Amino acid sequence: MENKILIYDDDVEILLLCKAILSKYKYTTETLMRCDDILNDIESLKPDLILMDLWIPEMGGEKAIAIAKQNEQTRHIPILVFSANADIADISVKLQADGFVEKPFTINHLIQTIQKHLF
Amino acid sequence: MAAFKEVKAPVATPQLFPVVGVGASAGGLDAFKRLLTAIPEDSGMAYVLVQHLSPTHESILPEILQRVTKIPVHEITDEIHLAPNHIYIIPAAKILSAYDGVLSLSPRENFKTNLPIDIFFKSLAEVHKELAVGVVLSGTGSDGTLGLKDIKDYGGITIAQDSESSSYKDMPQHAVDSGVVDFILPPEEIPGQLLQINSNFPKTTGVIVDDTPPRDDEIIFKQILLLLHQRSGVDFTYYKQNTIHRRIARRIGMRKKEKLSSYLKFLRGDKAEQDALFQDMLIPVTSFFRDPKIFETLRSSIFPMLFKNRTADEPIRIWIAGCSTGEEAYSIAICLHEFLGEKAAKIPIQIFASDISEIAIKKARAGIYSKADVQILSNERVTNYFHKTYGEYEVNKVIRDMCIFAPHNFLKDPPFAKMDLISCRNVLIYLDKFLQKKALITFHYSLKQSGFLLLGKSETASLATELFSIYDKHDKIYSRKPIPGRFMHVATERKEETLASQTKFRNIPETMHTDFRKSGEAMLLSKYTPAAVIVNEQMDIVHINGIITPFLEPSPGKPTFNLLKMAREGLGFELRNALHKVKTTHEPFVKRDIPSMPNDEAGQGIQHLVSIEVVPLTNTVEPYYLILFSKTAMRVAAPLFSGKGVNQKLNEEANQRIAQLEKELSQAREDMRSITEDQEVANEELQSGNEELQSSNEEMQSLNEELETSKEELQSTNEELTIVNSELMDKQEQLNVARHYSENIIATIRDPLIVLDKNLRIKTASASFYKKFNTTEEETEGKLFYEIQSNQWDDEVMRSLLEKILPEKEQLSDFEIIFKFPLLGERHMLLNGRQIIDETTAQKLILLAIEDITDQKIKEHEKDDFISIASHELKTPLTTAKGYIELLLLSLNEENGGLFLYASKADYAINRLQALIAELLDVGKMQHGKFDYNITTFDFNKLIDETIEDVQLNTSSHQIIKTGTVSIEIAGDKDRLQQVLINLLTNAIKYSPTCNEVLVNVTVKDKLLQASIKDYGIGISSQHLDRIFERFYRVQEQARHFQGMGIGLYISYEIIKRHQGKMWAESELGKGSTFYFTIPV
């Protein structure tokens, strides 16, 4: 069965690109441009891995990650910080995220990082 | 050696020829040779060469010099006698001094201060006086200068070699600079000059010649003296003629006149030359404590005697006659002060110091002497009695006030009186006997009953033994004999007349001078002269002619030659009258038929009639009178009425009457005589009163002159002060302007400034401080900085930093601090502090400049935000573009040919764009120190291999060749170091477009890992090499051809710096560059 990746990003082009790449590698992709209630999103979409942009409207990536990581039900789902921020490595540690993918990325890097966290 | 040893030692001859002392040091041999070659064989002078020689070196100087001259050259042996036309040379390791025409050698004892030239010149001057000539040739140091001064002082001639011809010009130049040199000449011209000067004198080649020059010259000399007399008021006629002639000859030489007559002509028209000649005639030889032994004698025996019989307020009076420039006077004053010690202040001391040279007196009055003048004194005396002003030594006030200086000619002006001590040293030697005697008489008059006279070493009072007795023979101290003294009034006009008549007198008899006339006159004189005496002004008989017993006889009591005391009865009165008349009229006077009654046995009872004739002598300087006596026997009066009885009674009556009349007459005579005597006594008293008045007057004049001088000095001091004051005012004005200027600057500066003292109390603060922090002077000044405005400035760190500034001389530079002010809120402040010193109080202060950088901080923050947002915004489309291109590449492959190539190019460009954005962000972070490093331990060799591989992948034009391997783990940020390597490698490729190689080398040396990247590209010129690591710096010449932002090397440099490493480059334009970096391992 194909793994399902949930991507939060406010840029529709990025979302489309990621969908194109991931589908090529046999991933199911869900994309969201807003994040109002991450727990609800997880509940309804049941992703295997989440890519979270830090600048996501309404609650922002940081807060969303914190919520997901504090919830017993959702904390096991790997969340990768997905941002152009140069300090992304520090931020991901701080947020107790499982990893990060810095924009811009190479397809190789993206796929490898995702694969690493799925198994 | 044999060559000159054969020369016979010359025979001793009287020292009437010039003796030329020649001194030289380094470079002297050449000068000696040139000098010697120019000396003619019969120059009539003796030459003594003094050379600085090494004491251990056997000199062959005589041998060398004998080769260049025919004149015999001798090395000096003991007691050699100088002879003209000979040359003498000092042997090594000896000191040569001259003593009375004989050169004597003594071993040189002190090798440190070797001044043989000075020593020799000094002795030469003392012995040969105006016949001494001193020549200083090439050499280093200053030997010879003091010696030349001595020679010049004694009237000799001084010459120095000119600097062009000297190999070493120090020694002659020093002499020239000291002003002691008459002529500056090259050595070969010196003999000629000397001959010219001496040509005005008879050549005395060993033969004594009558020292009177030819008659024509004599007349010209007299005229020169007359001219001087008119100009200066000093008559040099009776000064020693030799000295005078030499002095005039010296001036002739200096003025380059050939003959006396031409000099006289020149002298008549040149007042300055007259003055110069006059000053030359006065011979200013003097020094402090000259002949120190004399001063010891003064202290030990003379001064105590002066003070023995002295009442408390009686002043001690001392006269320095011929004081020159004052040294003698001050020496005696110092000596006296030392003798008296603390008592000196209580005892009035008057030291009159006189000299005829006004120039000398002026210098004496100033009392300022050079270092050379005072160096003869002990350090103690210098410190006690002098103070330094502008490098010279001024006599202290206490000594200066003891002395009164006045221009005065003791041979002409009325002398000072009531002196305890007179010092007249080395003056008499220049005077001939007549003036010497006159001086001694003057001194005798001036001295108190128990006074002392001090003469120079070679002077005596033997001309006036009746006036002075020897007190100390060796030191030439004489005591006054208690006989009444009187100074001679000499009307100066008289002397001139005398001079004139003397010349006339000489003119006439010269022509008819024959032997028979002389003997005839002698015969006449002895046989037919009437009895005659010559008396002087005091009526003392000085010469007797013929038989005078009928007229004069020694009077009982103390023997005396006084004419009036010796006159026989009846003559005294008439003689006095006659002389008196002649003295007033200057005409001969005859008195005939004076009845005289000799009271001796021979002419018992016989009355004579005596005629006296008094003639004033005209050809004498002093007034002298010739008194001629002649007698005729008185006819015995025949009884008038003899033989007549009638007349007997009458006769008797008449006789009685006659007897009575005669008695009355003699009574009247007796009365008259006693009256005259009384009158004479009164006269005498009046005269001595008058003399005293004159003396007092002279003294008053001297005092007055002193006061005038003091007044003038005060005026000039005042003038000086006024000038200084106005200069100070000027300075003050300038200061004010400068102060306003800086105050205005400070007031305009927006940044607050405060000045703190060492306790951090506010001394002052600038207006901007008050304005900025809303406070006032009253609230701040004098308060502790951290306490003002309710401790809002109190900060632990700042306080400790400020407190360190003064003791550790540290500066506070760009110290950032955040204060929370109640009114202003949170402010970022930049503090700069440094020490300033208040020059007047030597107080150390802190100047603190406070810069509010809050706004700047906010701006920076905004800028950072902007950059991160902007780069974020840039990255988003970049991410998309990059993703799609990669997708494109994935779906294409090499078979698609062109399309695949295009996609890979786009991918490469996107990667570069990504790198550029990353670099820009890095720069921003570095500026704020926010650049983060992720330090891990890794294998550097592996890193470098991987990096090279990566870079090689993207370049086909260049081959990257690595040499050296380091198998070492280092701690550092792997990504950042890779960034550095990539930057350097891509630069090497970029800037060597026409080459195909880049060389990489890695080594470990001294715990440093060193990497170098070398290319053979365009290179960098040295002017840019230092700056390439600066941010945004681009080498201009290359900017047009190579793209770039100029930040790559900056970032690399900063990264290496953060690894405690170093980075540098070596390059040559057109040949390539090598970049190095090191990292400690």
# chains A, B, ... in the order shown; residues from 1 in each chain; ligands from 1
>>> closest_atom_pairs(of="chain B", to="chain A", cutoff="12 Å", atoms="only C-alpha atoms", output="Markdown table")
| residue | atom | partner | partner_atom | distance |
| --- | --- | --- | --- | --- |
| B:Asp865 | CA | A:Asn85 | CA | 11.8 |
| B:Ile867 | CA | A:Asn85 | CA | 11.2 |
| B:Ser868 | CA | A:Asn85 | CA | 7.7 |
| B:Ile869 | CA | A:Asn85 | CA | 9.0 |
| B:Ala870 | CA | A:Ala84 | CA | 10.8 |
| B:Ser871 | CA | A:Ala84 | CA | 8.2 |
| B:His872 | CA | A:Ala84 | CA | 5.5 |
| B:Glu873 | CA | A:Ala84 | CA | 8.5 |
| B:Leu874 | CA | A:Ala84 | CA | 9.1 |
| B:Lys875 | CA | A:Ala84 | CA | 6.2 |
| B:Thr876 | CA | A:Ala84 | CA | 7.1 |
| B:Pro877 | CA | A:Glu13 | CA | 8.0 |
| B:Leu878 | CA | A:Pro104 | CA | 6.4 |
| B:Thr879 | CA | A:Pro104 | CA | 4.1 |
| B:Thr880 | CA | A:Ile14 | CA | 5.6 |
| B:Ala881 | CA | A:Leu17 | CA | 9.0 |
| B:Lys882 | CA | A:Pro104 | CA | 7.0 |
| B:Gly883 | CA | A:Leu17 | CA | 6.6 |
| B:Tyr884 | CA | A:Leu17 | CA | 6.7 |
| B:Ile885 | CA | A:Ile107 | CA | 10.0 |
| B:Glu886 | CA | A:Ile107 | CA | 6.8 |
| B:Leu887 | CA | A:Ile21 | CA | 7.0 |
| B:Leu888 | CA | A:Ile21 | CA | 10.5 |
| B:Leu889 | CA | A:Ile107 | CA | 10.7 |
| B:Leu890 | CA | A:Ile107 | CA | 9.5 |
| B:Ser891 | CA | A:Lys24 | CA | 10.2 |
| B:Asp907 | CA | A:Thr106 | CA | 10.3 |
| B:Ile910 | CA | A:Pro104 | CA | 9.6 |
| B:Asn911 | CA | A:Pro104 | CA | 9.2 |
| B:Arg912 | CA | A:Pro104 | CA | 11.9 |
| B:Leu913 | CA | A:Pro104 | CA | 10.6 |
| B:Gln914 | CA | A:Pro104 | CA | 7.6 |
| B:Ala915 | CA | A:Pro104 | CA | 10.5 |
| B:Ile917 | CA | A:Ala86 | CA | 10.4 |
| B:Ala918 | CA | A:Ala86 | CA | 8.1 |
| B:Glu919 | CA | A:Ala86 | CA | 11.0 |
| B:Leu920 | CA | A:Ala86 | CA | 11.4 |
| B:Leu921 | CA | A:Ala86 | CA | 8.2 |
| B:Asp922 | CA | A:Ala86 | CA | 9.3 |
| B:Gly924 | CA | A:Ala86 | CA | 12.0 |
| B:Lys925 | CA | A:Ala86 | CA | 10.5 |
| B:Lys930 | CA | A:Asp87 | CA | 10.7 |
| B:Phe931 | CA | A:Asp87 | CA | 10.1 |
| B:Asp932 | CA | A:Asp87 | CA | 9.0 |
| B:Tyr933 | CA | A:Asp87 | CA | 11.3 |
| B:Asn934 | CA | A:Ala89 | CA | 10.4 |
>>> select_by_dssp(residues="chain A", states="helix (DSSP H, G or I)", output="VMD selection string")
chain A and resid 12 to 24 38 to 45 61 to 70 88 to 94 107 to 118
>>> residues_around(residues="stretch 34-45 of chain A", least_positions_apart="2", cutoff="8 Å", atoms="only C-alpha atoms", output="count of residues only")
16
>>> atom_distance(atom1="atom CA of B:Leu49", atom2="atom CA of B:Lys256")
26.5 Å
>>> residues_around(residues="A:Ala97", least_positions_apart="4", cutoff="7 Å", atoms="only C-alpha atoms", output="list in words")
Ile79, Leu80, Val81, Ser92 and Val93 of chain A
>>> select_by_dssp(residues="stretch 400-563 of chain B", states="strand (DSSP E)", output="PDB file with N, CA and C atoms, in the first residue's frame")
ATOM      1  N   CYS B 403      80.056  95.132  44.783  1.00  0.00           N
ATOM      2  CA  CYS B 403      80.981  95.767  43.846  1.00  0.00           C
ATOM      3  C   CYS B 403      80.361  96.977  43.142  1.00  0.00           C
ATOM      4  N   ILE B 404      81.174  97.996  42.955  1.00  0.00           N
ATOM      5  CA  ILE B 404      80.758  99.176  42.189  1.00  0.00           C
ATOM      6  C   ILE B 404      81.736  99.328  41.039  1.00  0.00           C
ATOM      7  N   PHE B 405      81.211  99.329  39.828  1.00  0.00           N
ATOM      8  CA  PHE B 405      82.102  99.418  38.677  1.00  0.00           C
ATOM      9  C   PHE B 405      82.014 100.803  38.047  1.00  0.00           C
ATOM     10  N   ALA B 406      83.146 101.343  37.680  1.00  0.00           N
ATOM     11  CA  ALA B 406      83.128 102.659  37.063  1.00  0.00           C
ATOM     12  C   ALA B 406      84.292 102.793  36.098  1.00  0.00           C
ATOM     13  N   PRO B 407      84.041 103.416  34.947  1.00  0.00           N
ATOM     14  CA  PRO B 407      85.158 103.723  34.077  1.00  0.00           C
ATOM     15  C   PRO B 407      85.989 104.828  34.723  1.00  0.00           C
ATOM     16  N   MET B 419      91.096 103.731  51.204  1.00  0.00           N
ATOM     17  CA  MET B 419      90.961 102.328  50.848  1.00  0.00           C
ATOM     18  C   MET B 419      91.696 101.454  51.860  1.00  0.00           C
ATOM     19  N   ASP B 420      91.116 100.276  52.102  1.00  0.00           N
ATOM     20  CA  ASP B 420      91.795  99.309  52.958  1.00  0.00           C
ATOM     21  C   ASP B 420      92.750  98.451  52.138  1.00  0.00           C
ATOM     22  N   LEU B 421      92.318  98.212  50.895  1.00  0.00           N
ATOM     23  CA  LEU B 421      93.130  97.332  50.061  1.00  0.00           C
ATOM     24  C   LEU B 421      92.995  97.800  48.620  1.00  0.00           C
ATOM     25  N   ILE B 422      94.119  97.863  47.937  1.00  0.00           N
ATOM     26  CA  ILE B 422      94.060  98.159  46.506  1.00  0.00           C
ATOM     27  C   ILE B 422      94.684  96.994  45.757  1.00  0.00           C
ATOM     28  N   SER B 423      93.976  96.490  44.775  1.00  0.00           N
ATOM     29  CA  SER B 423      94.551  95.449  43.939  1.00  0.00           C
ATOM     30  C   SER B 423      94.740  96.026  42.549  1.00  0.00           C
ATOM     31  N   CYS B 424      95.980  96.061  42.138  1.00  0.00           N
ATOM     32  CA  CYS B 424      96.252  96.573  40.784  1.00  0.00           C
ATOM     33  C   CYS B 424      97.223  95.603  40.157  1.00  0.00           C
ATOM     34  N   LEU B 447      95.285 104.858  49.895  1.00  0.00           N
ATOM     35  CA  LEU B 447      95.188 103.872  50.963  1.00  0.00           C
ATOM     36  C   LEU B 447      95.038 104.524  52.329  1.00  0.00           C
ATOM     37  N   LYS B 448      94.363 103.815  53.196  1.00  0.00           N
ATOM     38  CA  LYS B 448      94.296 104.218  54.594  1.00  0.00           C
ATOM     39  C   LYS B 448      95.657 104.005  55.227  1.00  0.00           C
ATOM     40  N   GLN B 449      95.770 104.456  56.440  1.00  0.00           N
ATOM     41  CA  GLN B 449      97.025 104.334  57.148  1.00  0.00           C
ATOM     42  C   GLN B 449      97.557 102.884  57.115  1.00  0.00           C
ATOM     43  N   SER B 450      96.675 101.942  57.369  1.00  0.00           N
ATOM     44  CA  SER B 450      97.131 100.555  57.484  1.00  0.00           C
ATOM     45  C   SER B 450      96.761  99.745  56.246  1.00  0.00           C
ATOM     46  N   GLY B 451      96.649 100.416  55.105  1.00  0.00           N
ATOM     47  CA  GLY B 451      96.163  99.726  53.917  1.00  0.00           C
ATOM     48  C   GLY B 451      97.225  98.881  53.222  1.00  0.00           C
ATOM     49  N   PHE B 452      96.724  98.021  52.341  1.00  0.00           N
ATOM     50  CA  PHE B 452      97.631  97.133  51.601  1.00  0.00           C
ATOM     51  C   PHE B 452      97.484  97.337  50.102  1.00  0.00           C
ATOM     52  N   LEU B 453      98.588  97.139  49.420  1.00  0.00           N
ATOM     53  CA  LEU B 453      98.578  97.220  47.958  1.00  0.00           C
ATOM     54  C   LEU B 453      98.954  95.853  47.408  1.00  0.00           C
ATOM     55  N   LEU B 454      98.167  95.398  46.451  1.00  0.00           N
ATOM     56  CA  LEU B 454      98.397  94.088  45.858  1.00  0.00           C
ATOM     57  C   LEU B 454      98.797  94.300  44.408  1.00  0.00           C
ATOM     58  N   LEU B 455     100.000  93.806  44.039  1.00  0.00           N
ATOM     59  CA  LEU B 455     100.450  93.980  42.663  1.00  0.00           C
ATOM     60  C   LEU B 455     100.519  92.635  41.955  1.00  0.00           C
ATOM     61  N   PHE B 468     106.020 102.490  50.130  1.00  0.00           N
ATOM     62  CA  PHE B 468     105.500 101.158  50.434  1.00  0.00           C
ATOM     63  C   PHE B 468     106.604 100.266  50.984  1.00  0.00           C
ATOM     64  N   SER B 469     106.239  99.432  51.931  1.00  0.00           N
ATOM     65  CA  SER B 469     107.185  98.424  52.369  1.00  0.00           C
ATOM     66  C   SER B 469     106.616  97.050  52.028  1.00  0.00           C
ATOM     67  N   ILE B 470     107.523  96.121  51.816  1.00  0.00           N
ATOM     68  CA  ILE B 470     107.093  94.788  51.391  1.00  0.00           C
ATOM     69  C   ILE B 470     106.435  94.073  52.560  1.00  0.00           C
ATOM     70  N   TYR B 471     105.264  93.567  52.337  1.00  0.00           N
ATOM     71  CA  TYR B 471     104.603  92.776  53.381  1.00  0.00           C
ATOM     72  C   TYR B 471     104.790  91.297  53.072  1.00  0.00           C
ATOM     73  N   ASP B 472     104.508  90.933  51.843  1.00  0.00           N
ATOM     74  CA  ASP B 472     104.706  89.537  51.441  1.00  0.00           C
ATOM     75  C   ASP B 472     105.365  89.557  50.073  1.00  0.00           C
ATOM     76  N   ILE B 477     102.523  91.650  48.033  1.00  0.00           N
ATOM     77  CA  ILE B 477     101.635  92.465  48.854  1.00  0.00           C
ATOM     78  C   ILE B 477     102.492  93.499  49.585  1.00  0.00           C
ATOM     79  N   TYR B 478     102.063  94.738  49.469  1.00  0.00           N
ATOM     80  CA  TYR B 478     102.832  95.828  50.067  1.00  0.00           C
ATOM     81  C   TYR B 478     101.962  96.548  51.086  1.00  0.00           C
ATOM     82  N   SER B 479     102.648  97.056  52.139  1.00  0.00           N
ATOM     83  CA  SER B 479     101.873  97.842  53.087  1.00  0.00           C
ATOM     84  C   SER B 479     102.293  99.301  52.964  1.00  0.00           C
ATOM     85  N   ARG B 480     101.375 100.148  53.267  1.00  0.00           N
ATOM     86  CA  ARG B 480     101.598 101.573  53.065  1.00  0.00           C
ATOM     87  C   ARG B 480     102.464 102.114  54.183  1.00  0.00           C
ATOM     88  N   ALA B 532     122.475 126.455  41.387  1.00  0.00           N
ATOM     89  CA  ALA B 532     121.069 126.309  40.996  1.00  0.00           C
ATOM     90  C   ALA B 532     120.511 125.000  41.538  1.00  0.00           C
ATOM     91  N   VAL B 533     119.241 125.006  41.764  1.00  0.00           N
ATOM     92  CA  VAL B 533     118.582 123.755  42.150  1.00  0.00           C
ATOM     93  C   VAL B 533     117.341 123.584  41.269  1.00  0.00           C
ATOM     94  N   ILE B 534     116.962 122.332  41.116  1.00  0.00           N
ATOM     95  CA  ILE B 534     115.689 122.072  40.433  1.00  0.00           C
ATOM     96  C   ILE B 534     114.736 121.521  41.480  1.00  0.00           C
ATOM     97  N   VAL B 535     113.601 122.079  41.549  1.00  0.00           N
ATOM     98  CA  VAL B 535     112.617 121.592  42.526  1.00  0.00           C
ATOM     99  C   VAL B 535     111.377 121.111  41.785  1.00  0.00           C
ATOM    100  N   ASN B 536     110.695 120.241  42.461  1.00  0.00           N
ATOM    101  CA  ASN B 536     109.423 119.801  41.878  1.00  0.00           C
ATOM    102  C   ASN B 536     108.288 120.632  42.436  1.00  0.00           C
ATOM    103  N   ILE B 541     113.772 119.452  46.523  1.00  0.00           N
ATOM    104  CA  ILE B 541     114.900 119.604  45.603  1.00  0.00           C
ATOM    105  C   ILE B 541     115.163 118.268  44.947  1.00  0.00           C
ATOM    106  N   VAL B 542     115.254 118.265  43.645  1.00  0.00           N
ATOM    107  CA  VAL B 542     115.520 117.010  42.958  1.00  0.00           C
ATOM    108  C   VAL B 542     116.900 117.045  42.302  1.00  0.00           C
ATOM    109  N   HIS B 543     117.457 118.216  42.145  1.00  0.00           N
ATOM    110  CA  HIS B 543     118.778 118.274  41.511  1.00  0.00           C
ATOM    111  C   HIS B 543     119.491 119.516  41.997  1.00  0.00           C
ATOM    112  N   ILE B 544     120.800 119.365  42.177  1.00  0.00           N
ATOM    113  CA  ILE B 544     121.580 120.526  42.648  1.00  0.00           C
ATOM    114  C   ILE B 544     122.709 120.764  41.673  1.00  0.00           C
ATOM    115  N   ASN B 545     122.914 121.996  41.346  1.00  0.00           N
ATOM    116  CA  ASN B 545     123.983 122.393  40.427  1.00  0.00           C
ATOM    117  C   ASN B 545     124.871 123.420  41.137  1.00  0.00           C
TER     118      ASN B 545
END
>>> closest_residue(among="A:Gln115, A:His109, A:Gln70, A:Ile7", to="A:Phe82", atoms="only C-alpha atoms")
A:Ile7
>>> atom_distance(atom1="atom CA of B:Arg1034", atom2="atom CA of B:Leu1008")
29.7 Å
>>> closest_residue(among="A:Ala89, A:Leu49, A:Leu22, A:Leu54", to="A:His117", atoms="only C-alpha atoms")
A:Leu49
>>> residues_around(residues="B:Gly456", least_positions_apart="6", cutoff="9 Å", atoms="only C-alpha atoms", output="list of chain:residue names")
B:Ser423, B:Cys424, B:Arg425, B:Asn426, B:Val427, B:Leu428, B:Ile429, B:Asp475, B:Lys476
>>> closest_residue(among="A:Met33, A:Ile50, A:Ile111, A:Phe100", to="A:Lys69", atoms="only C-alpha atoms")
A:Ile50
>>> residues_around(residues="B:Ile935", least_positions_apart="4", cutoff="12 Å", atoms="only C-alpha atoms", output="ChimeraX atom specification")
/B:970-977,1055,1058-1059
